[in-house]
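Visitor: Provided herewith: work16.pdb, PDB, C-alpha atoms.
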```
ATOM      1  CA  MET A 158       0.000   0.000   0.000
ATOM      2  CA  ASN A 159       3.026   2.289   0.229
ATOM      3  CA  TRP A 160       2.999   2.988  -3.512
ATOM      4  CA  ILE A 161      -0.531   4.489  -3.180
ATOM      5  CA  SER A 162       0.419   6.956  -0.482
ATOM      6  CA  GLU A 163       3.959   7.621  -1.686
ATOM      7  CA  TRP A 164       3.452   7.758  -5.463
ATOM      8  CA  ALA A 165      -0.228   7.763  -6.544
ATOM      9  CA  LEU A 166      -1.604  10.390  -4.153
ATOM     10  CA  PRO A 167       1.167  12.946  -4.810
ATOM     11  CA  LYS A 168       0.610  12.494  -8.562
ATOM     12  CA  ILE A 169      -3.153  13.063  -8.179
ATOM     13  CA  LYS A 170      -2.607  16.164  -6.034
ATOM     14  CA  THR A 171      -0.142  17.514  -8.586
ATOM     15  CA  LEU A 172      -2.572  16.846 -11.425
ATOM     16  CA  PHE A 173      -5.673  18.379  -9.857
ATOM     17  CA  GLY A 174      -4.037  20.863  -7.517
ATOM     18  CA  ASN A 175      -4.582  21.255  -3.794
ATOM     19  CA  PRO A 176      -8.262  21.444  -2.788
ATOM     20  CA  ARG A 177      -9.505  24.843  -1.632
ATOM     21  CA  GLU A 178     -10.204  25.212   2.060
ATOM     22  CA  VAL A 179     -13.872  25.980   2.668
ATOM     23  CA  PRO A 180     -14.667  28.065   5.800
ATOM     24  CA  ASP A 181     -16.922  26.325   8.291
ATOM     25  CA  ASN A 182     -19.069  29.408   9.002
ATOM     26  CA  LEU A 183     -20.707  29.955   5.617
ATOM     27  CA  TRP A 184     -24.024  28.488   6.765
ATOM     28  CA  HIS A 185     -25.842  28.985  10.051
ATOM     29  CA  LYS A 186     -28.555  26.768  11.477
ATOM     30  CA  CYS A 187     -31.557  28.634  12.831
ATOM     31  CA  PRO A 188     -32.230  27.507  16.427
ATOM     32  CA  ALA A 189     -35.981  28.008  15.936
ATOM     33  CA  CYS A 190     -36.853  26.410  12.576
ATOM     34  CA  GLU A 191     -33.552  24.497  12.091
ATOM     35  CA  GLN A 192     -33.210  25.774   8.529
ATOM     36  CA  MET A 193     -29.760  26.595   7.134
ATOM     37  CA  VAL A 194     -29.240  30.275   6.316
ATOM     38  CA  PHE A 195     -26.356  31.534   4.170
ATOM     39  CA  HIS A 196     -24.141  33.921   6.113
ATOM     40  CA  ARG A 197     -24.500  36.799   3.639
ATOM     41  CA  ASP A 198     -28.292  36.499   3.672
ATOM     42  CA  LEU A 199     -28.171  36.489   7.460
ATOM     43  CA  GLU A 200     -26.049  39.655   7.560
ATOM     44  CA  ARG A 201     -28.312  41.437   5.084
ATOM     45  CA  ALA A 202     -31.306  40.538   7.270
ATOM     46  CA  LEU A 203     -29.574  41.987  10.380
ATOM     47  CA  HIS A 204     -29.193  38.469  11.831
ATOM     48  CA  VAL A 205     -32.879  37.630  11.554
ATOM     49  CA  CYS A 206     -33.857  34.247  10.090
ATOM     50  CA  THR A 207     -35.146  34.712   6.550
ATOM     51  CA  ASN A 208     -37.398  31.665   6.952
ATOM     52  CA  CYS A 209     -39.145  32.044  10.326
ATOM     53  CA  GLY A 210     -38.141  35.527  11.539
ATOM     54  CA  HIS A 211     -36.191  34.302  14.573
ATOM     55  CA  HIS A 212     -33.953  37.057  15.974
ATOM     56  CA  TRP A 213     -30.402  35.880  16.621
ATOM     57  CA  ARG A 214     -28.534  37.354  19.555
ATOM     58  CA  ILE A 215     -26.065  39.982  18.377
ATOM     59  CA  GLY A 216     -23.186  41.811  20.020
ATOM     60  CA  ALA A 217     -23.076  45.339  21.372
ATOM     61  CA  ARG A 218     -21.037  46.728  18.456
ATOM     62  CA  GLN A 219     -23.449  45.267  15.907
ATOM     63  CA  ARG A 220     -26.334  46.731  17.876
ATOM     64  CA  LEU A 221     -24.814  50.193  17.753
ATOM     65  CA  ASP A 222     -24.033  49.827  14.031
ATOM     66  CA  TYR A 223     -27.631  48.864  13.300
ATOM     67  CA  THR A 224     -28.972  51.789  15.371
ATOM     68  CA  PHE A 225     -26.750  54.789  14.670
ATOM     69  CA  ASP A 226     -26.053  56.643  11.466
ATOM     70  CA  PRO A 227     -22.470  56.190  10.200
ATOM     71  CA  GLY A 228     -19.885  58.078  12.243
ATOM     72  CA  TRP A 229     -21.021  57.245  15.789
ATOM     73  CA  GLN A 230     -18.404  57.455  18.536
ATOM     74  CA  ARG A 231     -17.723  55.305  21.567
ATOM     75  CA  ILE A 232     -16.882  56.965  24.867
ATOM     76  CA  GLU A 233     -14.261  55.778  27.318
ATOM     77  CA  LEU A 234     -15.839  54.552  30.539
ATOM     78  CA  PRO A 235     -14.455  54.875  34.077
ATOM     79  CA  LYS A 236     -12.637  51.792  35.280
ATOM     80  CA  ALA A 237     -14.333  49.929  38.104
ATOM     81  CA  PRO A 238     -12.513  47.754  40.685
ATOM     82  CA  ALA A 239     -11.522  44.563  38.891
ATOM     83  CA  ASP A 240     -12.097  42.093  41.749
ATOM     84  CA  PRO A 241     -13.430  43.911  44.834
ATOM     85  CA  LEU A 242     -14.109  40.731  46.846
ATOM     86  CA  ARG A 243     -11.161  38.622  45.607
ATOM     87  CA  PHE A 244     -13.741  36.002  44.708
ATOM     88  CA  ARG A 245     -12.787  32.487  43.715
ATOM     89  CA  ASP A 246     -14.806  29.376  42.881
ATOM     90  CA  GLN A 247     -13.249  26.855  40.475
ATOM     91  CA  ARG A 248     -11.192  29.747  39.076
ATOM     92  CA  ARG A 249     -10.280  33.231  40.199
ATOM     93  CA  TYR A 250     -12.816  35.872  39.196
ATOM     94  CA  GLY A 251      -9.961  38.108  38.053
ATOM     95  CA  ASP A 252      -8.849  35.414  35.591
ATOM     96  CA  ARG A 253     -12.389  35.000  34.252
ATOM     97  CA  LEU A 254     -12.665  38.743  33.798
ATOM     98  CA  LYS A 255      -9.380  39.004  31.900
ATOM     99  CA  GLU A 256     -10.360  36.084  29.674
ATOM    100  CA  ALA A 257     -13.671  37.738  28.786
ATOM    101  CA  GLN A 258     -11.959  41.070  28.105
ATOM    102  CA  THR A 259      -9.471  39.404  25.764
ATOM    103  CA  LYS A 260     -12.105  37.335  23.983
ATOM    104  CA  ILE A 261     -14.698  40.098  23.484
ATOM    105  CA  GLY A 262     -12.325  43.042  23.165
ATOM    106  CA  GLN A 263     -13.982  45.376  25.666
ATOM    107  CA  GLU A 264     -13.577  46.216  29.347
ATOM    108  CA  ASP A 265     -17.012  45.118  30.550
ATOM    109  CA  ALA A 266     -20.473  44.053  29.444
ATOM    110  CA  VAL A 267     -21.747  47.459  28.240
ATOM    111  CA  LEU A 268     -20.667  49.826  25.478
ATOM    112  CA  VAL A 269     -21.746  53.483  25.465
ATOM    113  CA  ALA A 270     -21.736  55.647  22.342
ATOM    114  CA  HIS A 271     -23.297  58.803  20.977
ATOM    115  CA  GLY A 272     -24.325  59.800  17.480
ATOM    116  CA  THR A 273     -27.465  60.332  15.436
ATOM    117  CA  VAL A 274     -30.418  58.094  14.631
ATOM    118  CA  GLU A 275     -31.729  59.202  11.234
ATOM    119  CA  GLY A 276     -30.396  62.663  11.969
ATOM    120  CA  ARG A 277     -31.628  62.889  15.562
ATOM    121  CA  ARG A 278     -29.059  63.023  18.362
ATOM    122  CA  ALA A 279     -29.032  60.173  20.877
ATOM    123  CA  VAL A 280     -26.876  58.416  23.456
ATOM    124  CA  CYS A 281     -27.006  54.611  23.451
ATOM    125  CA  ALA A 282     -25.815  51.953  25.879
ATOM    126  CA  ALA A 283     -25.742  48.376  24.582
ATOM    127  CA  PHE A 284     -25.211  45.183  26.576
ATOM    128  CA  GLU A 285     -22.871  42.452  25.328
ATOM    129  CA  PHE A 286     -24.374  39.122  26.417
ATOM    130  CA  ALA A 287     -21.242  37.221  25.377
ATOM    131  CA  PHE A 288     -19.337  39.057  28.148
ATOM    132  CA  MET A 289     -20.084  36.849  31.165
ATOM    133  CA  GLY A 290     -23.759  36.669  30.250
ATOM    134  CA  GLY A 291     -24.145  40.441  30.261
ATOM    135  CA  SER A 292     -24.099  40.288  34.060
ATOM    136  CA  MET A 293     -24.306  43.561  35.969
ATOM    137  CA  GLY A 294     -21.300  44.374  38.086
ATOM    138  CA  ALA A 295     -19.642  47.610  39.117
ATOM    139  CA  GLY A 296     -18.413  48.199  35.556
ATOM    140  CA  VAL A 297     -21.918  47.980  34.136
ATOM    141  CA  GLY A 298     -23.205  50.374  36.797
ATOM    142  CA  GLU A 299     -20.487  52.879  35.880
ATOM    143  CA  ALA A 300     -21.425  52.537  32.211
ATOM    144  CA  ILE A 301     -25.121  53.272  32.773
ATOM    145  CA  VAL A 302     -24.336  56.239  35.036
ATOM    146  CA  SER A 303     -21.854  57.596  32.469
ATOM    147  CA  ALA A 304     -24.422  57.201  29.683
ATOM    148  CA  ALA A 305     -26.998  59.125  31.729
ATOM    149  CA  ARG A 306     -24.548  61.936  32.465
ATOM    150  CA  LEU A 307     -23.587  62.168  28.789
ATOM    151  CA  ALA A 308     -27.243  62.308  27.751
ATOM    152  CA  VAL A 309     -27.887  65.158  30.194
ATOM    153  CA  LEU A 310     -24.741  66.974  29.044
ATOM    154  CA  GLN A 311     -25.679  66.692  25.365
ATOM    155  CA  GLU A 312     -29.411  67.202  26.024
ATOM    156  CA  ALA A 313     -30.068  64.018  24.068
ATOM    157  CA  PRO A 314     -32.368  61.061  24.743
ATOM    158  CA  LEU A 315     -30.909  57.919  26.309
ATOM    159  CA  VAL A 316     -31.562  54.543  24.656
ATOM    160  CA  VAL A 317     -30.475  51.346  26.436
ATOM    161  CA  PHE A 318     -30.414  47.904  24.764
ATOM    162  CA  THR A 319     -30.524  45.281  27.509
ATOM    163  CA  ALA A 320     -29.322  41.673  27.278
ATOM    164  CA  SER A 321     -28.369  40.252  30.646
ATOM    165  CA  GLY A 322     -28.609  37.286  32.942
ATOM    166  CA  GLY A 323     -28.829  39.543  36.000
ATOM    167  CA  ALA A 324     -26.437  40.570  38.751
ATOM    168  CA  ARG A 325     -22.853  39.309  38.706
ATOM    169  CA  MET A 326     -22.556  36.916  41.628
ATOM    170  CA  GLN A 327     -18.758  37.190  41.797
ATOM    171  CA  GLU A 328     -19.135  40.777  43.042
ATOM    172  CA  GLY A 329     -21.765  40.012  45.694
ATOM    173  CA  ALA A 330     -23.288  43.063  47.383
ATOM    174  CA  VAL A 331     -21.244  45.365  45.129
ATOM    175  CA  SER A 332     -23.231  44.008  42.198
ATOM    176  CA  LEU A 333     -26.563  44.408  44.010
ATOM    177  CA  MET A 334     -25.746  48.064  44.730
ATOM    178  CA  GLN A 335     -25.735  48.735  40.989
ATOM    179  CA  MET A 336     -29.514  48.312  40.981
ATOM    180  CA  PRO A 337     -30.238  51.544  42.929
ATOM    181  CA  ARG A 338     -27.336  53.294  41.153
ATOM    182  CA  THR A 339     -28.818  52.619  37.732
ATOM    183  CA  VAL A 340     -32.274  53.670  38.937
ATOM    184  CA  ILE A 341     -30.813  56.988  40.110
ATOM    185  CA  ALA A 342     -29.154  57.359  36.686
ATOM    186  CA  THR A 343     -32.543  57.050  34.976
ATOM    187  CA  ARG A 344     -33.928  59.718  37.324
ATOM    188  CA  MET A 345     -31.135  62.076  36.224
ATOM    189  CA  VAL A 346     -32.286  61.718  32.610
ATOM    190  CA  LYS A 347     -35.968  62.139  33.393
ATOM    191  CA  GLU A 348     -35.461  65.143  35.681
ATOM    192  CA  ALA A 349     -33.613  66.837  32.810
ATOM    193  CA  GLY A 350     -36.752  66.416  30.686
ATOM    194  CA  LEU A 351     -35.112  63.929  28.342
ATOM    195  CA  PRO A 352     -36.627  60.694  26.992
ATOM    196  CA  PHE A 353     -35.414  57.379  28.401
ATOM    197  CA  ILE A 354     -36.138  54.496  26.018
ATOM    198  CA  VAL A 355     -35.438  50.856  26.876
ATOM    199  CA  VAL A 356     -35.159  48.128  24.221
ATOM    200  CA  LEU A 357     -35.336  44.698  25.850
ATOM    201  CA  THR A 358     -33.608  41.983  23.830
ATOM    202  CA  ASP A 359     -33.173  38.268  24.388
ATOM    203  CA  PRO A 360     -32.566  37.600  27.243
ATOM    204  CA  THR A 361     -33.219  40.286  29.862
ATOM    205  CA  THR A 362     -33.552  38.779  33.320
ATOM    206  CA  GLY A 363     -32.602  39.115  36.977
ATOM    207  CA  GLY A 364     -31.415  42.345  38.535
ATOM    208  CA  VAL A 365     -31.386  44.265  35.265
ATOM    209  CA  THR A 366     -35.112  43.619  34.831
ATOM    210  CA  ALA A 367     -35.705  44.439  38.499
ATOM    211  CA  SER A 368     -34.032  47.852  38.218
ATOM    212  CA  PHE A 369     -33.658  50.330  35.367
ATOM    213  CA  ALA A 370     -34.839  48.066  32.516
ATOM    214  CA  MET A 371     -38.496  48.510  33.511
ATOM    215  CA  LEU A 372     -38.366  52.271  34.092
ATOM    216  CA  GLY A 373     -38.286  53.545  30.513
ATOM    217  CA  ASP A 374     -40.656  56.199  29.235
ATOM    218  CA  ILE A 375     -41.135  53.807  26.316
ATOM    219  CA  GLN A 376     -40.670  50.038  26.711
ATOM    220  CA  ILE A 377     -39.801  48.197  23.489
ATOM    221  CA  ALA A 378     -38.806  44.579  22.921
ATOM    222  CA  GLU A 379     -37.650  42.455  20.024
ATOM    223  CA  PRO A 380     -39.914  39.579  18.912
ATOM    224  CA  GLY A 381     -39.580  36.441  21.006
ATOM    225  CA  ALA A 382     -37.288  38.035  23.601
ATOM    226  CA  LEU A 383     -37.148  36.332  26.993
ATOM    227  CA  ILE A 384     -37.921  38.932  29.669
ATOM    228  CA  GLY A 385     -38.375  38.235  33.360
ATOM    229  CA  PHE A 386     -36.873  38.228  36.829
ATOM    230  CA  ALA A 387     -36.785  34.602  38.015
ATOM    231  CA  GLY A 388     -36.731  31.594  35.715
ATOM    232  CA  ALA A 389     -39.964  29.903  34.661
ATOM    233  CA  ARG A 390     -39.073  26.673  36.479
ATOM    234  CA  VAL A 391     -38.457  28.536  39.747
ATOM    235  CA  ILE A 392     -41.796  30.328  39.413
ATOM    236  CA  GLU A 393     -43.640  27.075  38.711
ATOM    237  CA  GLN A 394     -42.103  25.445  41.781
ATOM    238  CA  THR A 395     -43.023  28.466  43.896
ATOM    239  CA  VAL A 396     -46.652  28.969  42.821
ATOM    240  CA  ARG A 397     -47.162  25.249  42.101
ATOM    241  CA  GLU A 398     -49.061  25.997  38.929
ATOM    242  CA  LYS A 399     -48.414  25.419  35.256
ATOM    243  CA  LEU A 400     -47.417  28.651  33.575
ATOM    244  CA  PRO A 401     -49.245  29.720  30.402
ATOM    245  CA  GLU A 402     -47.658  29.143  27.019
ATOM    246  CA  GLY A 403     -45.284  31.906  25.973
ATOM    247  CA  PHE A 404     -44.903  33.157  29.549
ATOM    248  CA  GLN A 405     -42.081  35.748  29.887
ATOM    249  CA  ARG A 406     -41.884  36.234  26.129
ATOM    250  CA  ALA A 407     -42.180  39.683  24.556
ATOM    251  CA  GLU A 408     -45.550  39.018  22.915
ATOM    252  CA  TYR A 409     -47.075  37.802  26.203
ATOM    253  CA  LEU A 410     -45.810  40.871  28.069
ATOM    254  CA  LEU A 411     -47.138  43.178  25.357
ATOM    255  CA  GLU A 412     -50.562  41.556  25.600
ATOM    256  CA  HIS A 413     -50.576  42.088  29.388
ATOM    257  CA  GLY A 414     -49.527  45.751  29.274
ATOM    258  CA  ILE A 415     -45.918  45.501  30.480
ATOM    259  CA  LEU A 416     -44.472  46.565  27.112
ATOM    260  CA  ASP A 417     -45.500  49.397  24.823
ATOM    261  CA  MET A 418     -44.517  47.718  21.572
ATOM    262  CA  VAL A 419     -42.709  44.776  20.011
ATOM    263  CA  VAL A 420     -40.575  45.897  17.069
ATOM    264  CA  LYS A 421     -38.674  43.818  14.542
ATOM    265  CA  ARG A 422     -34.951  44.483  14.274
ATOM    266  CA  GLY A 423     -35.213  45.758  10.726
ATOM    267  CA  GLU A 424     -37.728  48.404  11.865
ATOM    268  CA  MET A 425     -36.037  49.344  15.141
ATOM    269  CA  ARG A 426     -33.954  52.232  13.845
ATOM    270  CA  ALA A 427     -36.875  53.967  12.125
ATOM    271  CA  THR A 428     -39.070  53.388  15.193
ATOM    272  CA  LEU A 429     -36.503  54.919  17.545
ATOM    273  CA  ALA A 430     -36.073  57.915  15.249
ATOM    274  CA  ARG A 431     -39.841  58.444  15.137
ATOM    275  CA  LEU A 432     -40.159  58.183  18.929
ATOM    276  CA  ILE A 433     -37.295  60.602  19.512
ATOM    277  CA  GLY A 434     -38.937  63.038  17.106
ATOM    278  CA  LEU A 435     -42.226  62.771  18.998
ATOM    279  CA  LEU A 436     -40.706  63.059  22.487
ATOM    280  CA  ARG A 437     -38.230  65.845  21.737
ATOM    281  CA  THR A 438     -38.864  69.398  20.584
ATOM    282  CA  PRO A 439     -37.598  69.969  17.012
ATOM    283  CA  GLU A 440     -33.982  71.136  16.933
ATOM    284  CA  LEU A 441     -33.147  74.495  15.379
ATOM    285  CA  LEU A 442     -32.031  74.406  11.765
ATOM    286  CA  PRO A 443     -28.280  74.929  11.314
ATOM    287  CA  GLU A 444     -27.008  78.032   9.619
ATOM    288  CA  GLY A 445     -26.968  77.603   5.870
ATOM    289  CA  PRO A 446     -29.158  77.823   2.797
ATOM    290  CA  ALA A 447     -32.081  76.207   4.619
ATOM    291  CA  ALA A 448     -31.912  78.740   7.445
ATOM    292  CA  THR A 449     -31.499  81.787   5.179
ATOM    293  CA  ALA A 450     -34.172  80.848   2.671
ATOM    294  CA  PRO A 451     -36.364  83.835   1.759
ATOM    295  CA  ALA A 452     -39.712  84.008   3.472
ATOM    296  CA  PRO A 453     -42.759  83.538   1.261
ATOM    297  CA  ALA A 454     -44.090  86.746  -0.291
ATOM    298  CA  ALA A 455     -46.863  88.405   1.675
ATOM    299  CA  LEU A 456     -50.300  88.480   0.161
ATOM    300  CA  PRO A 457     -51.240  91.868  -1.362
ATOM    301  CA  ALA A 458     -53.398  94.090   0.816
ATOM    302  CA  PRO A 459     -57.059  94.229  -0.254
ATOM    303  CA  GLU A 460     -58.080  97.335  -2.162
ATOM    304  CA  ALA A 461     -59.987 100.035  -0.279
ATOM    305  CA  PRO A 462     -63.759  99.964  -0.957
ATOM    306  CA  VAL A 463     -65.066 102.576  -3.394
ATOM    307  CA  PRO A 464     -67.324 105.148  -1.534
ATOM    308  CA  ALA A 465     -70.957 105.055  -2.524
ATOM    309  CA  ALA A 466     -72.353 108.037  -4.505
ATOM    310  CA  ALA A 467     -73.988 110.729  -2.427
ATOM    311  CA  ALA A 468     -77.771 110.551  -2.432
ATOM    312  CA  PRO A 469     -79.570 113.478  -4.281
ATOM    313  CA  PRO A 470     -81.174 116.149  -2.036
ATOM    314  CA  ALA A 471     -84.864 115.697  -1.311
TER     315      ALA A 471
END
```
Any chance you could put this one into structure tokens?

Guide:
Amino acid sequence: MNWISEWALPKIKTLFGNPREVPDNLWHKCPACEQMVFHRDLERALHVCTNCGHHWRIGARQRLDYTFDPGWQRIELPKAPADPLRFRDQRRYGDRLKEAQTKIGQEDAVLVAHGTVEGRRAVCAAFEFAFMGGSMGAGVGEAIVSAARLAVLQEAPLVVFTASGGARMQEGAVSLMQMPRTVIATRMVKEAGLPFIVVLTDPTTGGVTASFAMLGDIQIAEPGALIGFAGARVIEQTVREKLPEGFQRAEYLLEHGILDMVVKRGEMRATLARLIGLLRTPELLPEGPAATAPAPAALPAPEAPVPAAAAPPA
């Protein structure tokens, strides 16, 4: 058999050339309908299944790209204590944190940026679920507070895209303290007379849901998003009843008045722009041809009535 491997196979490879390497990420299997979707079709559809409409989870940078007009800018966030409790389970929390930072390429689970949404100024904070499940620690609290301060400074609405598993257990009480901190941050925005819009994406649970995520002036969710505080199994074991179908999904919450609207990802940008336009007073036109356009000509004054002829003497 040596002549096959030593002589025949090299001759065949020389004759036909080396086979091209095919990437293994050209097709993606939809977790809902199990259909295969070509990667370019998936990107064009903003990571929404072209067959059943299932919304894939996307990262914070993609979320900001899909929301802002080109040219948006990230802001640098204050650094929070890396490991305030020196927590360790099977691994050190500091090592887990560094691994997530290296893998995702950001300091913590939230990115904050400012720009325009169809020409309307806005400040956005987006959660990255791939960063330790989007859990809320001191870094996330600093990000939400910084986003609120920037919105007040720029007199722009604040939009937050949530995707979180809840509080970060490795930071203990420090993590729980971010719940009142983020609530106070939302009050800063509202007291300044600025809109606070929350977009709940899959999944939004735990302490994030129990704090600022339910305090928006407008509550929006993506189709099929899981939204709740405790898990469905825990609730069933507590109340000892079978939960209704679709419990804790966006459509169920919309039907029961917890959400204002459920918006598809492809329509989210236009919806946010429309809401900002309705909730904010129109901005002054910049100086230029539009501002110096001549006013329309005034209508001519009506002619004075002709006096009636004097009556003849009696």

Visitor: Wanna dump the stretch 265-358 of chain A-stretch 414-437 of chain A contacts at 7 Å for me, each residue with its shortest atom pair and the distance in Å to one decimal, counting all atoms listed in the file, ordered by chain and number, as a tab-separated table?

Guide:
```
residue	atom	partner	partner_atom	distance
A:Val274	CA	A:Ala430	CA	5.7
A:Glu275	CA	A:Ala430	CA	6.1
A:Arg277	CA	A:Ala430	CA	6.7
A:Pro352	CA	A:Leu436	CA	6.5
```

Visitor: Let me make sure I understand: among A:Ile384, A:Cys281, A:Ala202, A:Val391, which one has the smallest atom-to-atom distance to A:Phe404 if we use only C-alpha atoms?

Guide: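 Closest candidate: A:Ile384.
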
Visitor: Run through the PyMOL selection byres ((chain A and resi 213-224) around 9) on the given coordinates and return the selected residues as a ChimeraX atom specification.

Guide: /A:187-188,203-206,211-212,225-227,229,266-270,273-275,281-287,318,320,358-360,422-423,425-427,429

Visitor: Give me, please, the distance in Å between atom CA of A:Gln263 and atom CA of A:Ile375, quoted to one decimal.

Guide: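 Separating atom CA of A:Gln263 from atom CA of A:Ile375 is a distance of 28.4 Å.
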
Visitor: Once the PyMOL selection byres ((chain A and resi 305) around 9) has been applied to the shown file, what residues remain in the selection, as a list in words?

Guide: Val280, Ala300, Ile301, Val302, Ser303, Ala304, Arg306, Leu307, Ala308, Val309, Leu310, Leu315, Ala342, Thr343, Arg344, Met345 and Val346 of chain A

Visitor: From the list A:Leu372, A:Phe195, A:His271, A:Ala324, which residue is nearest A:Asn182 when using only C-alpha atoms?

Guide: A:Phe195
